[in-house]
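Engineer: Following this message is one structure expressed as structure tokens.
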Amino acid sequence: MLNRRTFLKVTATAVGAGAVVSVSGESAKAQGVTLRMSSPITPTDQRSIALEEVFAPAIKGFATYQPHYNGTLFKQGTELEAIARGNLEMSIASAQELAQLIPGWSIFTAGYLLRDADHQKKVFQSNIMDDLKKQTEDKLGVKLLTVMYLGRRQINLRGDKEIKTPADMAGVKLRMPNSEAWLFLGTALGANPVPVAFPEVYTALQTGAIDGQDNPLPTNRDSKFFEVTKQIVLTSHLVDQNYIAFSKKVWDKFTKEQQATLQKAADDAAEVARQRQLKLEDELVAFFKEKGLKVYTPDVEAFRKKVQADYLASKFAKDWPAGMIEKINAVR
Ligand code: KDO
């Protein structure tokens, strides 16, 4: 697992070795560059589909988009390190992964912070994130092109005990992705967080190794978690986001026009995926009910109160620039 200490070693090695990246050609003349994208994402996720339908054709004249799904090329959570080392061109990174390396990112891992997809997009496009984006480029060699909306995370459980407040989550083994910030979210929800990589969640639910997982409704349907669970508790505890993370060294090989094309292609793909995820979130409650799951809204205010208080009192909050929460809240 990459942490700040190992990362310092990575950059030192990369710089020392002259950090070769897998592109050919001179600066300003990049041709035929293969952009390998690694993520635990499935090929049927709306974001994967949009990248293939919108991003790939738009850049076809000078680059080839080559996605690797289900964490088969790099394991979930190791992609940023791979980009930093010059071993990967692209990933779909989470704030939780970025926070492992640049602590300030943990602000975007906090539950009940971003209000909705529109707020998420406006915050990404505002100057509030400029410093974090710059640190990410300077320290990691990773350029964050655009924000992809994953959806509102909901609690999805094998058992049928009704959950009204975080107190009802006591003792529930809730799967979270394996990083400190993700595990903290599980604790803030009142559960016992258990780290499991995304591609292993279905089996962990099926065998009872975990009692539940949290993900947005479109992800739940896409990965068929509903087949092995009994209820979905609509906590909407995190308006989740991923960023298209791009190797800065590879980016710098492209001409200004090519960079503009890449940027537009990423933004357009993200927008298509965002609209599709939002539509699915509206439609899927009925789908899960038809499949026999209980789907209901708990005491969301009780969850909001505990989660927000836990984050503000956490060690993460010490790394948040003064006034940043207020600036995020002020974005309309
Ligand atoms: C997950 O592992 O639960 C998660 O939803 C975390 C996200 O940050 C993202 O990595 C996502 O998985 C993958 O894109 C798979 O949908």
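Scheme for the structure tokens: letters A, B, ... for chains in order shown; per-chain residue numbers from 1; ligand numbers from 1 in order shown.
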May I have the residues within 6 Å of ligand 1, computed using only C-alpha atoms and all ligand atoms, as a JSON list (two decimals) with C-alpha atoms, in the first residue's frame?

Structural biologist:
```json
[["chain", "number", "residue", "atom", "x", "y", "z"],
["A", 40, "PRO", "CA", -11.42, -1.47, -10.50],
["A", 41, "ILE", "CA", -14.35, -0.12, -12.53],
["A", 94, "SER", "CA", -10.71, 8.86, -5.67],
["A", 177, "PRO", "CA", -12.30, 0.24, 0.06],
["A", 198, "PHE", "CA", -14.08, -3.60, -5.09],
["A", 215, "ASN", "CA", -22.07, 2.25, -3.04],
["A", 242, "ASN", "CA", -13.66, 10.17, -8.98]]
```

Engineer: Would you mind listing what lies within 12 Å of Lys122 (chain A) as a PyMOL selection string, with only C-alpha atoms counted and same-chain residues fewer than 5 positions away left out?

Structural biologist: chain A and resi 114-117+127-129+146-147+149+327-332

Engineer: Output N, CA and C atoms for every residue in the selection just made, as a short mmCIF file (atom, residue, chain, number, x, y, z; two decimals), in the first residue's frame.

Structural biologist:
```
data_model
loop_
_atom_site.label_atom_id
_atom_site.label_comp_id
_atom_site.auth_asym_id
_atom_site.auth_seq_id
_atom_site.Cartn_x
_atom_site.Cartn_y
_atom_site.Cartn_z
N LEU A 114 -20.36 17.55 0.05
CA LEU A 114 -20.89 18.00 -1.24
C LEU A 114 -22.39 17.72 -1.25
N ARG A 115 -23.16 18.63 -1.86
CA ARG A 115 -24.63 18.50 -1.80
C ARG A 115 -25.19 17.59 -2.88
N ASP A 116 -24.66 17.72 -4.09
CA ASP A 116 -25.20 16.93 -5.20
C ASP A 116 -24.21 16.98 -6.38
N ALA A 117 -24.62 16.38 -7.51
CA ALA A 117 -23.71 16.29 -8.66
C ALA A 117 -23.31 17.67 -9.18
N ASN A 127 -11.97 27.80 -8.23
CA ASN A 127 -10.53 27.85 -7.89
C ASN A 127 -10.24 27.25 -6.51
N ILE A 128 -11.28 26.75 -5.84
CA ILE A 128 -11.09 26.21 -4.48
C ILE A 128 -10.08 25.06 -4.47
N MET A 129 -10.09 24.30 -5.56
CA MET A 129 -9.23 23.11 -5.61
C MET A 129 -7.87 23.39 -6.23
N THR A 146 -10.74 15.97 -14.92
CA THR A 146 -12.16 16.30 -14.75
C THR A 146 -12.72 15.46 -13.62
N VAL A 147 -13.92 15.82 -13.17
CA VAL A 147 -14.54 15.05 -12.09
C VAL A 147 -15.65 14.18 -12.67
N TYR A 149 -18.93 11.87 -11.72
CA TYR A 149 -19.93 11.63 -10.67
C TYR A 149 -20.20 10.13 -10.58
N LYS A 327 -15.93 27.87 2.06
CA LYS A 327 -15.85 28.19 0.62
C LYS A 327 -16.61 27.14 -0.19
N ILE A 328 -16.44 25.87 0.19
CA ILE A 328 -17.13 24.79 -0.53
C ILE A 328 -18.65 24.97 -0.38
N ASN A 329 -19.08 25.24 0.86
CA ASN A 329 -20.51 25.42 1.11
C ASN A 329 -21.08 26.60 0.32
N ALA A 330 -20.24 27.61 0.09
CA ALA A 330 -20.73 28.83 -0.57
C ALA A 330 -20.91 28.65 -2.08
N VAL A 331 -20.35 27.58 -2.65
CA VAL A 331 -20.47 27.38 -4.10
C VAL A 331 -21.92 26.99 -4.41
N ARG A 332 -22.56 27.76 -5.30
CA ARG A 332 -23.98 27.50 -5.67
C ARG A 332 -24.08 27.24 -7.14
#
```

Engineer: May I have a table of the residues of region 101-163 of chain A lying at most 7 Å from region 305-316 of chain A, giving each one's closest pair of atoms and their distance in Å to one decimal, counting only C-alpha atoms, ordered by chain and ascending residue number, as a Markdown table?

Structural biologist:
```
| residue | atom | partner | partner_atom | distance |
| --- | --- | --- | --- | --- |
| A:Ser106 | CA | A:Phe316 | CA | 6.2 |
| A:Ala110 | CA | A:Tyr311 | CA | 6.3 |
| A:Gly111 | CA | A:Val307 | CA | 6.2 |
| A:Tyr112 | CA | A:Gln308 | CA | 6.6 |
```

Engineer: Tell me, counting only C-alpha atoms, for each residue of region 43-162 of chain A within 6 Å of region 244-266 of chain A, which pair of atoms is nearest and how far apart they are in Å to one decimal, in rows ordered by chain and increasing number, as JSON lines.

Structural biologist:
```
{"residue": "A:Phe55", "atom": "CA", "partner": "A:Ala265", "partner_atom": "CA", "distance": 4.7}
{"residue": "A:Ala58", "atom": "CA", "partner": "A:Ala265", "partner_atom": "CA", "distance": 5.9}
{"residue": "A:Ile83", "atom": "CA", "partner": "A:Ser247", "partner_atom": "CA", "distance": 5.8}
{"residue": "A:Glu89", "atom": "CA", "partner": "A:Ser247", "partner_atom": "CA", "distance": 5.1}
{"residue": "A:Met90", "atom": "CA", "partner": "A:Phe246", "partner_atom": "CA", "distance": 4.6}
{"residue": "A:Ser91", "atom": "CA", "partner": "A:Ala245", "partner_atom": "CA", "distance": 5.1}
{"residue": "A:Ile92", "atom": "CA", "partner": "A:Ile244", "partner_atom": "CA", "distance": 4.7}
{"residue": "A:Gly141", "atom": "CA", "partner": "A:Lys248", "partner_atom": "CA", "distance": 5.1}
{"residue": "A:Val142", "atom": "CA", "partner": "A:Ser247", "partner_atom": "CA", "distance": 4.9}
{"residue": "A:Lys143", "atom": "CA", "partner": "A:Phe246", "partner_atom": "CA", "distance": 5.0}
{"residue": "A:Leu144", "atom": "CA", "partner": "A:Ala245", "partner_atom": "CA", "distance": 4.6}
{"residue": "A:Leu145", "atom": "CA", "partner": "A:Ile244", "partner_atom": "CA", "distance": 5.4}
{"residue": "A:Thr146", "atom": "CA", "partner": "A:Ile244", "partner_atom": "CA", "distance": 5.6}
```

Engineer: Could the residues in this selection be written to a file with C-alpha atoms, as a compact mmCIF listing (two decimals), in the first residue's frame?

Structural biologist:
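Done, and the output landed in result_27.txt:
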```txt
# COMPACT_ATOMS: atom_id res chain seq x y z
CA PHE A 55 -13.45 10.08 -24.94
CA ALA A 58 -12.45 12.23 -29.78
CA ILE A 83 1.32 6.84 -12.72
CA GLU A 89 -0.95 6.78 -18.19
CA MET A 90 -4.44 7.13 -16.68
CA SER A 91 -6.71 6.08 -13.83
CA ILE A 92 -10.01 7.05 -12.28
CA GLY A 141 3.11 14.04 -11.58
CA VAL A 142 -0.64 13.50 -11.88
CA LYS A 143 -2.96 15.93 -13.65
CA LEU A 144 -6.63 15.73 -12.68
CA LEU A 145 -8.56 16.40 -15.86
CA THR A 146 -12.16 16.30 -14.75
```

Engineer: Between CA of Thr78 (chain A) and CA of Gln96 (chain A), what distance in Å does the model show, to one decimal?

Structural biologist: 12.0 Å

Engineer: What lies within 10 Å of Met148 (chain A) using only C-alpha atoms, ignoring chain neighbours under 6 positions off, as a compact mmCIF listing (two decimals) with N, CA and C atoms, in the first residue's frame?

Structural biologist:
```txt
# COMPACT_ATOMS: atom_id res chain seq x y z
N ARG A 47 -19.64 5.16 -16.52
CA ARG A 47 -18.45 5.98 -16.73
C ARG A 47 -17.50 5.29 -17.72
N ILE A 92 -8.85 6.32 -12.77
CA ILE A 92 -10.01 7.05 -12.28
C ILE A 92 -9.84 7.07 -10.77
N ALA A 93 -9.27 8.17 -10.27
CA ALA A 93 -8.81 8.19 -8.87
C ALA A 93 -9.86 8.76 -7.94
N SER A 94 -9.80 8.32 -6.69
CA SER A 94 -10.71 8.86 -5.67
C SER A 94 -9.95 9.85 -4.79
N ALA A 117 -24.62 16.38 -7.51
CA ALA A 117 -23.71 16.29 -8.66
C ALA A 117 -23.31 17.67 -9.18
N GLN A 120 -20.84 19.26 -6.87
CA GLN A 120 -19.55 18.56 -7.04
C GLN A 120 -18.79 19.11 -8.26
N LYS A 121 -19.53 19.26 -9.36
CA LYS A 121 -18.90 19.74 -10.60
C LYS A 121 -18.44 21.19 -10.45
N ASP A 240 -20.41 10.88 -4.16
CA ASP A 240 -19.07 10.36 -4.46
C ASP A 240 -18.54 10.82 -5.81
N GLN A 241 -17.23 10.95 -5.83
CA GLN A 241 -16.59 11.47 -7.04
C GLN A 241 -15.29 10.73 -7.30
N ASN A 242 -14.98 10.63 -8.55
CA ASN A 242 -13.66 10.17 -8.98
C ASN A 242 -13.13 11.20 -9.96
N TYR A 243 -11.82 11.25 -10.07
CA TYR A 243 -11.20 12.21 -11.00
C TYR A 243 -10.49 11.43 -12.08
N ILE A 244 -10.55 11.93 -13.30
CA ILE A 244 -9.73 11.32 -14.34
C ILE A 244 -8.30 11.80 -14.10
N ALA A 266 -12.45 14.54 -22.14
CA ALA A 266 -12.65 14.08 -20.76
C ALA A 266 -13.88 14.75 -20.15
N ASP A 267 -14.00 16.06 -20.35
CA ASP A 267 -15.17 16.78 -19.80
C ASP A 267 -16.47 16.28 -20.42
N ALA A 269 -17.08 13.32 -21.79
CA ALA A 269 -17.38 11.95 -21.32
C ALA A 269 -17.94 12.00 -19.91
N ALA A 270 -17.33 12.84 -19.07
CA ALA A 270 -17.79 12.95 -17.67
C ALA A 270 -19.24 13.45 -17.63
N GLU A 271 -19.55 14.40 -18.52
CA GLU A 271 -20.92 14.95 -18.51
C GLU A 271 -21.95 13.90 -18.95
N VAL A 272 -21.61 13.16 -19.98
CA VAL A 272 -22.52 12.10 -20.45
C VAL A 272 -22.74 11.08 -19.32
N ALA A 273 -21.66 10.68 -18.68
CA ALA A 273 -21.77 9.68 -17.60
C ALA A 273 -22.56 10.25 -16.43
N ARG A 274 -22.32 11.53 -16.11
CA ARG A 274 -23.03 12.17 -14.99
C ARG A 274 -24.54 12.12 -15.21
N GLN A 277 -25.81 8.53 -14.83
CA GLN A 277 -25.83 8.07 -13.43
C GLN A 277 -27.02 8.70 -12.70
```

Engineer: When you look at Lys224 (chain A) with a cut-off of 12 Å (counting only C-alpha atoms), what residues show up, excluding the ones that are within fewer than 5 positions of it in the same chain? I need them as number ranges by chain.

Structural biologist: A: 42, 44-45, 156, 199, 201-203, 205-206, 215, 217-219, 229, 287-288, 291

Engineer: May I have the residues from that selection written out with N, CA, C and O atoms, as a compact mmCIF listing (two decimals), in the first residue's frame?

Structural biologist:
```
# COMPACT_ATOMS: atom_id res chain seq x y z
N THR A 42 -15.99 -1.59 -13.61
CA THR A 42 -16.42 -2.63 -14.56
C THR A 42 -16.57 -2.02 -15.95
O THR A 42 -16.77 -0.81 -16.07
N THR A 44 -19.11 -2.24 -17.72
CA THR A 44 -20.52 -1.86 -17.92
C THR A 44 -20.93 -0.66 -17.06
O THR A 44 -22.08 -0.21 -17.16
N ASP A 45 -20.04 -0.14 -16.24
CA ASP A 45 -20.29 1.08 -15.48
C ASP A 45 -20.51 2.21 -16.51
O ASP A 45 -19.82 2.26 -17.54
N ASN A 156 -25.97 -0.83 1.99
CA ASN A 156 -26.61 -2.00 1.39
C ASN A 156 -26.23 -3.23 2.22
O ASN A 156 -25.06 -3.57 2.32
N PRO A 199 -13.43 -5.43 -6.64
CA PRO A 199 -13.76 -6.64 -7.42
C PRO A 199 -14.10 -7.86 -6.55
O PRO A 199 -14.64 -8.84 -7.05
N VAL A 201 -16.04 -7.68 -3.70
CA VAL A 201 -17.18 -7.38 -2.81
C VAL A 201 -18.33 -8.37 -3.00
O VAL A 201 -18.92 -8.84 -2.02
N TYR A 202 -18.65 -8.73 -4.23
CA TYR A 202 -19.79 -9.63 -4.46
C TYR A 202 -19.60 -10.94 -3.70
O TYR A 202 -20.48 -11.39 -2.97
N THR A 203 -18.43 -11.54 -3.85
CA THR A 203 -18.16 -12.82 -3.17
C THR A 203 -18.17 -12.66 -1.65
O THR A 203 -18.68 -13.52 -0.94
N LEU A 205 -19.91 -10.60 0.05
CA LEU A 205 -21.32 -10.52 0.48
C LEU A 205 -21.96 -11.91 0.43
O LEU A 205 -22.67 -12.32 1.34
N GLN A 206 -21.69 -12.59 -0.66
CA GLN A 206 -22.29 -13.92 -0.88
C GLN A 206 -21.91 -14.90 0.24
O GLN A 206 -22.75 -15.65 0.74
N ASN A 215 -22.37 1.76 -1.70
CA ASN A 215 -22.07 2.25 -3.04
C ASN A 215 -23.33 2.92 -3.58
O ASN A 215 -24.42 2.66 -3.09
N LEU A 217 -26.54 3.60 -6.10
CA LEU A 217 -27.48 2.62 -6.67
C LEU A 217 -27.03 2.09 -8.04
O LEU A 217 -27.13 0.88 -8.29
N PRO A 218 -26.52 2.94 -8.95
CA PRO A 218 -26.10 2.39 -10.26
C PRO A 218 -24.99 1.34 -10.12
O PRO A 218 -24.97 0.35 -10.85
N THR A 219 -24.08 1.55 -9.18
CA THR A 219 -22.99 0.58 -8.96
C THR A 219 -23.57 -0.71 -8.39
O THR A 219 -23.15 -1.82 -8.77
N THR A 229 -28.00 -9.34 -1.22
CA THR A 229 -28.32 -8.48 -0.06
C THR A 229 -29.84 -8.35 0.05
O THR A 229 -30.58 -8.65 -0.90
N PHE A 287 -36.53 -0.54 -9.28
CA PHE A 287 -35.89 -1.80 -9.73
C PHE A 287 -35.54 -2.69 -8.53
O PHE A 287 -35.85 -3.87 -8.51
N PHE A 288 -34.91 -2.11 -7.51
CA PHE A 288 -34.50 -2.93 -6.35
C PHE A 288 -35.73 -3.44 -5.59
O PHE A 288 -35.72 -4.57 -5.10
N LYS A 291 -37.04 -6.38 -7.15
CA LYS A 291 -36.17 -7.54 -6.89
C LYS A 291 -36.35 -8.06 -5.46
O LYS A 291 -35.67 -8.99 -5.05
```

Engineer: Excluding same-chain residues fewer than 5 positions from Arg36 (chain A), what lies within 8 Å of it counting only C-alpha atoms, as number ranges by chain?

Structural biologist: A: 65-68, 88-90

Engineer: Could you give me, as a count of residues only, the residues within 9 Å of Leu189 (chain A), counting only C-alpha atoms and dropping anything in the same chain fewer than 5 positions from it?

Structural biologist: 9
